[in-house]
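Okay, start18.csv now, which holds CSV, C-alpha atoms:
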```csv
chain,number,residue,atom,x,y,z
I,1,MET,CA,-9.7,-13.4,4.3
I,2,THR,CA,-8.7,-17.0,4.8
I,3,SER,CA,-5.8,-17.6,7.1
I,4,GLU,CA,-3.3,-19.7,5.2
I,5,GLN,CA,0.0,-19.2,6.8
I,6,MET,CA,3.4,-18.5,5.2
I,7,THR,CA,6.9,-17.9,6.4
I,8,ASN,CA,9.4,-15.0,6.0
I,9,ASP,CA,11.7,-16.8,3.8
I,10,ARG,CA,9.1,-16.9,1.1
I,11,ILE,CA,8.7,-13.1,0.9
I,12,ARG,CA,9.9,-11.8,-2.4
I,13,PHE,CA,11.9,-8.6,-1.7
I,14,ASP,CA,12.7,-6.5,-4.8
I,15,GLU,CA,16.1,-5.8,-6.4
I,16,TRP,CA,16.8,-3.4,-3.6
I,17,GLY,CA,15.8,-5.9,-1.0
I,18,LEU,CA,12.5,-4.0,-0.2
I,19,VAL,CA,8.8,-4.6,-0.1
I,20,PRO,CA,6.0,-2.0,0.4
I,21,ALA,CA,4.1,-2.4,3.7
I,22,VAL,CA,0.6,-1.0,4.2
I,23,MET,CA,-0.2,0.0,7.8
I,24,GLN,CA,-3.9,-0.4,8.6
I,25,ASP,CA,-5.5,0.5,11.9
I,26,GLY,CA,-6.7,-2.9,13.1
I,27,ALA,CA,-9.6,-1.4,15.1
I,28,THR,CA,-11.0,1.2,12.7
I,29,GLY,CA,-9.8,-0.2,9.3
I,30,GLU,CA,-8.3,3.2,8.4
I,31,VAL,CA,-5.2,3.0,6.1
I,32,LEU,CA,-2.5,5.0,7.9
I,33,MET,CA,0.6,4.9,5.8
I,34,VAL,CA,2.7,3.0,3.3
I,35,ALA,CA,6.4,2.5,3.9
I,36,TRP,CA,9.2,0.1,2.9
I,37,MET,CA,10.6,-2.9,4.7
I,38,ASN,CA,13.8,-4.9,4.1
I,39,GLU,CA,14.5,-8.2,5.7
I,40,GLU,CA,16.0,-6.6,8.8
I,41,ALA,CA,13.1,-4.2,9.3
I,42,LEU,CA,10.7,-7.2,9.1
I,43,ARG,CA,12.7,-9.2,11.6
I,44,CYS,CA,12.9,-6.2,14.0
I,45,THR,CA,9.1,-5.7,13.6
I,46,GLU,CA,8.4,-9.4,14.5
I,47,GLU,CA,10.9,-9.4,17.4
I,48,THR,CA,9.7,-6.1,19.0
I,49,GLY,CA,6.1,-6.1,17.9
I,50,GLN,CA,6.5,-2.5,16.7
I,51,ALA,CA,6.8,-1.5,13.1
I,52,HIS,CA,10.3,-0.9,11.7
I,53,PHE,CA,10.9,0.2,8.2
I,54,TRP,CA,13.8,1.0,5.8
I,55,SER,CA,14.0,4.7,5.3
I,56,ARG,CA,14.9,5.1,1.6
I,57,SER,CA,15.8,8.8,2.0
I,58,ARG,CA,18.0,8.4,5.1
I,59,ARG,CA,19.1,4.9,4.0
I,60,GLU,CA,18.8,3.5,7.5
I,61,LEU,CA,16.6,1.2,9.7
I,62,TRP,CA,13.7,3.3,11.0
I,63,HIS,CA,11.9,2.4,14.2
I,64,LYS,CA,8.6,4.2,13.6
I,65,GLY,CA,8.0,6.3,16.8
I,66,ALA,CA,11.6,6.3,18.0
I,67,THR,CA,11.6,10.1,17.9
I,68,SER,CA,7.9,10.9,17.9
I,69,SER,CA,6.8,8.3,20.4
I,70,ASN,CA,4.0,7.5,17.9
I,71,PHE,CA,4.6,3.7,17.6
I,72,MET,CA,2.7,1.2,15.6
I,73,ASN,CA,2.1,-1.9,17.7
I,74,VAL,CA,1.7,-4.7,15.2
I,75,ARG,CA,-1.2,-7.2,15.7
I,76,GLU,CA,-1.1,-9.1,12.4
I,77,ILE,CA,1.0,-9.3,9.3
I,78,TRP,CA,-0.6,-10.4,6.0
I,79,VAL,CA,1.1,-11.2,2.7
I,80,ASP,CA,-0.3,-10.7,-0.7
I,81,CYS,CA,-0.7,-13.3,-3.5
I,82,ASP,CA,2.6,-12.4,-5.1
I,83,ALA,CA,4.4,-12.4,-1.7
I,84,ASP,CA,5.8,-8.9,-2.6
I,85,THR,CA,3.6,-6.7,-0.5
I,86,LEU,CA,2.8,-6.7,3.2
I,87,LEU,CA,-0.3,-5.6,5.1
I,88,LEU,CA,0.2,-4.8,8.8
I,89,LYS,CA,-2.8,-4.5,11.2
I,90,VAL,CA,-1.6,-2.1,13.9
I,91,ALA,CA,-2.7,-0.4,17.0
I,92,PRO,CA,-1.0,3.1,16.7
I,93,THR,CA,-0.1,4.9,19.9
I,94,GLY,CA,-0.5,8.3,18.1
I,95,PRO,CA,-0.8,9.9,14.7
I,96,ALA,CA,0.9,8.0,11.8
I,97,CYS,CA,1.8,11.1,9.9
I,98,HIS,CA,4.6,13.5,10.7
I,99,THR,CA,2.1,16.3,10.0
I,100,GLY,CA,0.1,15.2,13.1
I,101,GLN,CA,-2.7,13.8,11.0
I,102,ARG,CA,-3.9,10.4,12.1
I,103,SER,CA,-3.4,9.0,8.6
I,104,CYS,CA,-0.9,10.1,5.9
I,105,PHE,CA,-3.7,10.0,3.4
I,106,TYR,CA,-5.4,13.2,4.5
I,107,ARG,CA,-5.7,14.9,1.0
I,108,ARG,CA,-8.2,14.0,-1.6
I,109,LEU,CA,-7.4,14.2,-5.3
I,110,ALA,CA,-9.5,16.9,-6.9
G,1,MET,CA,-9.1,12.3,7.5
G,2,THR,CA,-9.5,15.9,6.6
G,3,SER,CA,-10.3,16.7,3.0
G,4,GLU,CA,-7.7,19.1,1.7
G,5,GLN,CA,-7.6,18.8,-2.0
G,6,MET,CA,-4.7,18.4,-4.4
G,7,THR,CA,-4.2,18.1,-8.1
G,8,ASN,CA,-2.6,15.4,-10.3
G,9,ASP,CA,0.3,17.5,-11.4
G,10,ARG,CA,1.6,17.5,-7.8
G,11,ILE,CA,1.9,13.7,-7.6
G,12,ARG,CA,5.5,12.6,-7.3
G,13,PHE,CA,6.0,9.7,-9.6
G,14,ASP,CA,9.2,7.8,-9.0
G,15,GLU,CA,12.2,7.4,-11.4
G,16,TRP,CA,10.2,4.9,-13.4
G,17,GLY,CA,7.2,7.2,-13.5
G,18,LEU,CA,5.2,5.0,-11.0
G,19,VAL,CA,3.5,5.3,-7.6
G,20,PRO,CA,2.1,2.5,-5.5
G,21,ALA,CA,-1.7,2.5,-5.2
G,22,VAL,CA,-3.6,0.8,-2.3
G,23,MET,CA,-7.1,-0.5,-3.2
G,24,GLN,CA,-9.5,-0.4,-0.2
G,25,ASP,CA,-13.1,-1.6,-0.3
G,26,GLY,CA,-14.9,1.7,0.5
G,27,ALA,CA,-17.8,-0.2,2.1
G,28,THR,CA,-16.0,-2.8,4.3
G,29,GLY,CA,-12.6,-1.1,4.8
G,30,GLU,CA,-10.9,-4.3,3.6
G,31,VAL,CA,-7.5,-3.7,1.9
G,32,LEU,CA,-7.8,-5.6,-1.4
G,33,MET,CA,-4.5,-5.2,-3.3
G,34,VAL,CA,-1.6,-2.9,-4.0
G,35,ALA,CA,-0.6,-2.2,-7.6
G,36,TRP,CA,1.3,0.5,-9.5
G,37,MET,CA,0.1,3.5,-11.5
G,38,ASN,CA,1.8,5.8,-13.9
G,39,GLU,CA,0.4,9.1,-15.1
G,40,GLU,CA,-1.6,7.4,-17.9
G,41,ALA,CA,-3.1,4.8,-15.6
G,42,LEU,CA,-4.1,7.5,-13.1
G,43,ARG,CA,-5.7,9.6,-16.0
G,44,CYS,CA,-7.6,6.5,-17.3
G,45,THR,CA,-8.8,5.7,-13.8
G,46,GLU,CA,-10.1,9.2,-13.4
G,47,GLU,CA,-11.7,9.3,-16.9
G,48,THR,CA,-13.4,5.9,-16.7
G,49,GLY,CA,-14.0,5.7,-12.9
G,50,GLN,CA,-12.5,2.2,-13.0
G,51,ALA,CA,-9.0,1.4,-11.7
G,52,HIS,CA,-6.2,1.2,-14.2
G,53,PHE,CA,-2.6,0.2,-13.4
G,54,TRP,CA,0.8,-0.1,-15.0
G,55,SER,CA,1.7,-3.8,-15.1
G,56,ARG,CA,5.4,-4.0,-14.4
G,57,SER,CA,5.6,-7.6,-15.5
G,58,ARG,CA,3.8,-7.1,-18.8
G,59,ARG,CA,5.0,-3.5,-19.2
G,60,GLU,CA,1.6,-2.3,-20.3
G,61,LEU,CA,-1.5,-0.4,-19.2
G,62,TRP,CA,-3.7,-2.7,-17.3
G,63,HIS,CA,-7.5,-2.1,-17.0
G,64,LYS,CA,-8.2,-4.2,-13.9
G,65,GLY,CA,-11.2,-6.5,-14.7
G,66,ALA,CA,-10.7,-6.2,-18.5
G,67,THR,CA,-10.3,-10.0,-18.7
G,68,SER,CA,-11.8,-11.2,-15.4
G,69,SER,CA,-14.8,-8.7,-15.3
G,70,ASN,CA,-13.8,-8.0,-11.7
G,71,PHE,CA,-13.6,-4.2,-12.0
G,72,MET,CA,-12.7,-1.8,-9.3
G,73,ASN,CA,-15.2,1.1,-9.4
G,74,VAL,CA,-13.4,4.1,-7.9
G,75,ARG,CA,-15.2,6.2,-5.4
G,76,GLU,CA,-12.4,8.4,-3.9
G,77,ILE,CA,-8.7,8.9,-4.5
G,78,TRP,CA,-6.5,10.0,-1.6
G,79,VAL,CA,-2.9,11.1,-1.6
G,80,ASP,CA,-0.3,10.7,1.2
G,81,CYS,CA,1.8,13.4,2.8
G,82,ASP,CA,4.7,12.8,0.5
G,83,ALA,CA,2.4,12.7,-2.6
G,84,ASP,CA,4.1,9.5,-3.7
G,85,THR,CA,1.4,6.9,-2.7
G,86,LEU,CA,-2.3,6.7,-3.6
G,87,LEU,CA,-5.2,5.2,-1.7
G,88,LEU,CA,-8.3,4.4,-3.7
G,89,LYS,CA,-11.6,3.7,-2.1
G,90,VAL,CA,-13.3,1.3,-4.4
G,91,ALA,CA,-16.5,-0.7,-5.0
G,92,PRO,CA,-15.3,-4.0,-6.5
G,93,THR,CA,-17.5,-5.9,-8.8
G,94,GLY,CA,-15.8,-9.2,-7.9
G,95,PRO,CA,-12.7,-10.7,-6.2
G,96,ALA,CA,-9.6,-8.5,-6.3
G,97,CYS,CA,-7.2,-11.4,-6.5
G,98,HIS,CA,-6.5,-13.6,-9.5
G,99,THR,CA,-6.8,-16.6,-7.1
G,100,GLY,CA,-10.5,-15.8,-6.5
G,101,GLN,CA,-9.9,-14.5,-3.0
G,102,ARG,CA,-11.7,-11.2,-2.2
G,103,SER,CA,-8.4,-9.7,-1.1
G,104,CYS,CA,-4.9,-10.5,-2.3
G,105,PHE,CA,-3.9,-10.4,1.4
G,106,TYR,CA,-5.3,-13.9,2.3
G,107,ARG,CA,-2.2,-15.3,3.9
G,108,ARG,CA,-0.9,-14.5,7.3
G,109,LEU,CA,2.7,-14.5,8.3
G,110,ALA,CA,3.5,-17.2,10.7
```
As structure tokens, please, write out the structure in this file.
Amino acid sequence: MTSEQMTNDRIRFDEWGLVPAVMQDGATGEVLMVAWMNEEALRCTEETGQAHFWSRSRRELWHKGATSSNFMNVREIWVDCDADTLLLKVAPTGPACHTGQRSCFYRRLA
Amino acid sequence: MTSEQMTNDRIRFDEWGLVPAVMQDGATGEVLMVAWMNEEALRCTEETGQAHFWSRSRRELWHKGATSSNFMNVREIWVDCDADTLLLKVAPTGPACHTGQRSCFYRRLA
């Protein structure tokens, strides 16, 4: 990866004001989960250094780890070529998945 | 990751019949791109062993590499806990990004 920089105001949120965000363990490279961010979630993520999302089911801002204490400390945020998807390199303080698995991707397609 | 298995008919496509799919280089762990799959794209991916997507802009099945020759040979497909996101471990034959970058995530958020 090169390291061109870009700014928040160039992120292309979709018609619901959302972009998908991939969480990747910055140390191991493991892909942990995919969730959605709106502008507020991205701003809170940058301000606190911990991943915040928009919960589409609960329709509310979601500070990942607020109830489980399994926070995602964000080291780097990358933006894709279309500026409509984010990649966050994180240091998780516990399992990403509500099932207790380290990654939400614990099942393989047969 | 554990290796529970699941089958295609349990994938929860959204109201447009789509799921996001994360491409990860199976050798390096690098996250290459995120694109969308419908049922047909997933079936074509499984049948050919090369990633197929649904192009939301062109509204057509998209065999990644058909024009660029930069195919994504798929080694493993993983499914997340909600069964609404896929993770594909791939061996790319060239850059994932139309810009020529290896990964679409070549810009860092300032």
Residues of chain I within 8 Å of chain G, all atoms listed in the file counted, as a PyMOL selection string
chain I and resi 1-8+22+29-30+33-34+76-81+85-87+97+99+101-110
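Between Trp54 of chain I and the candidates I:Glu40, I:Glu15, I:Asp25, I:Asp9, the tightest atom-to-atom separation, counting only C-alpha atoms, involves I:Glu40.
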Take the point (-7.8, 1.6, -17.8) in the file's coordinates, draw a sphere of radius 8 Å around it, and report as a compact mmCIF listing (two decimals) with C-alpha atoms, in the frame of the given file every protein, DNA or RNA residue with an atom inside or on it, counting only C-alpha atoms.
```
# COMPACT_ATOMS: atom_id res chain seq x y z
CA ALA G 41 -3.10 4.80 -15.60
CA CYS G 44 -7.60 6.50 -17.30
CA THR G 45 -8.80 5.70 -13.80
CA THR G 48 -13.40 5.90 -16.70
CA GLN G 50 -12.50 2.20 -13.00
CA ALA G 51 -9.00 1.40 -11.70
CA HIS G 52 -6.20 1.20 -14.20
CA PHE G 53 -2.60 0.20 -13.40
CA LEU G 61 -1.50 -0.40 -19.20
CA TRP G 62 -3.70 -2.70 -17.30
CA HIS G 63 -7.50 -2.10 -17.00
CA LYS G 64 -8.20 -4.20 -13.90
```
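Distances here use all atoms listed in the file; by that measure, the residue among G:Leu42, G:Val19, G:Ala91, G:Met72 closest to Arg56 of chain G is G:Val19.
Coordinates place atom CA of Pro92 of chain I at a distance of 9.6 Å from atom CA of Gly65 of chain I.
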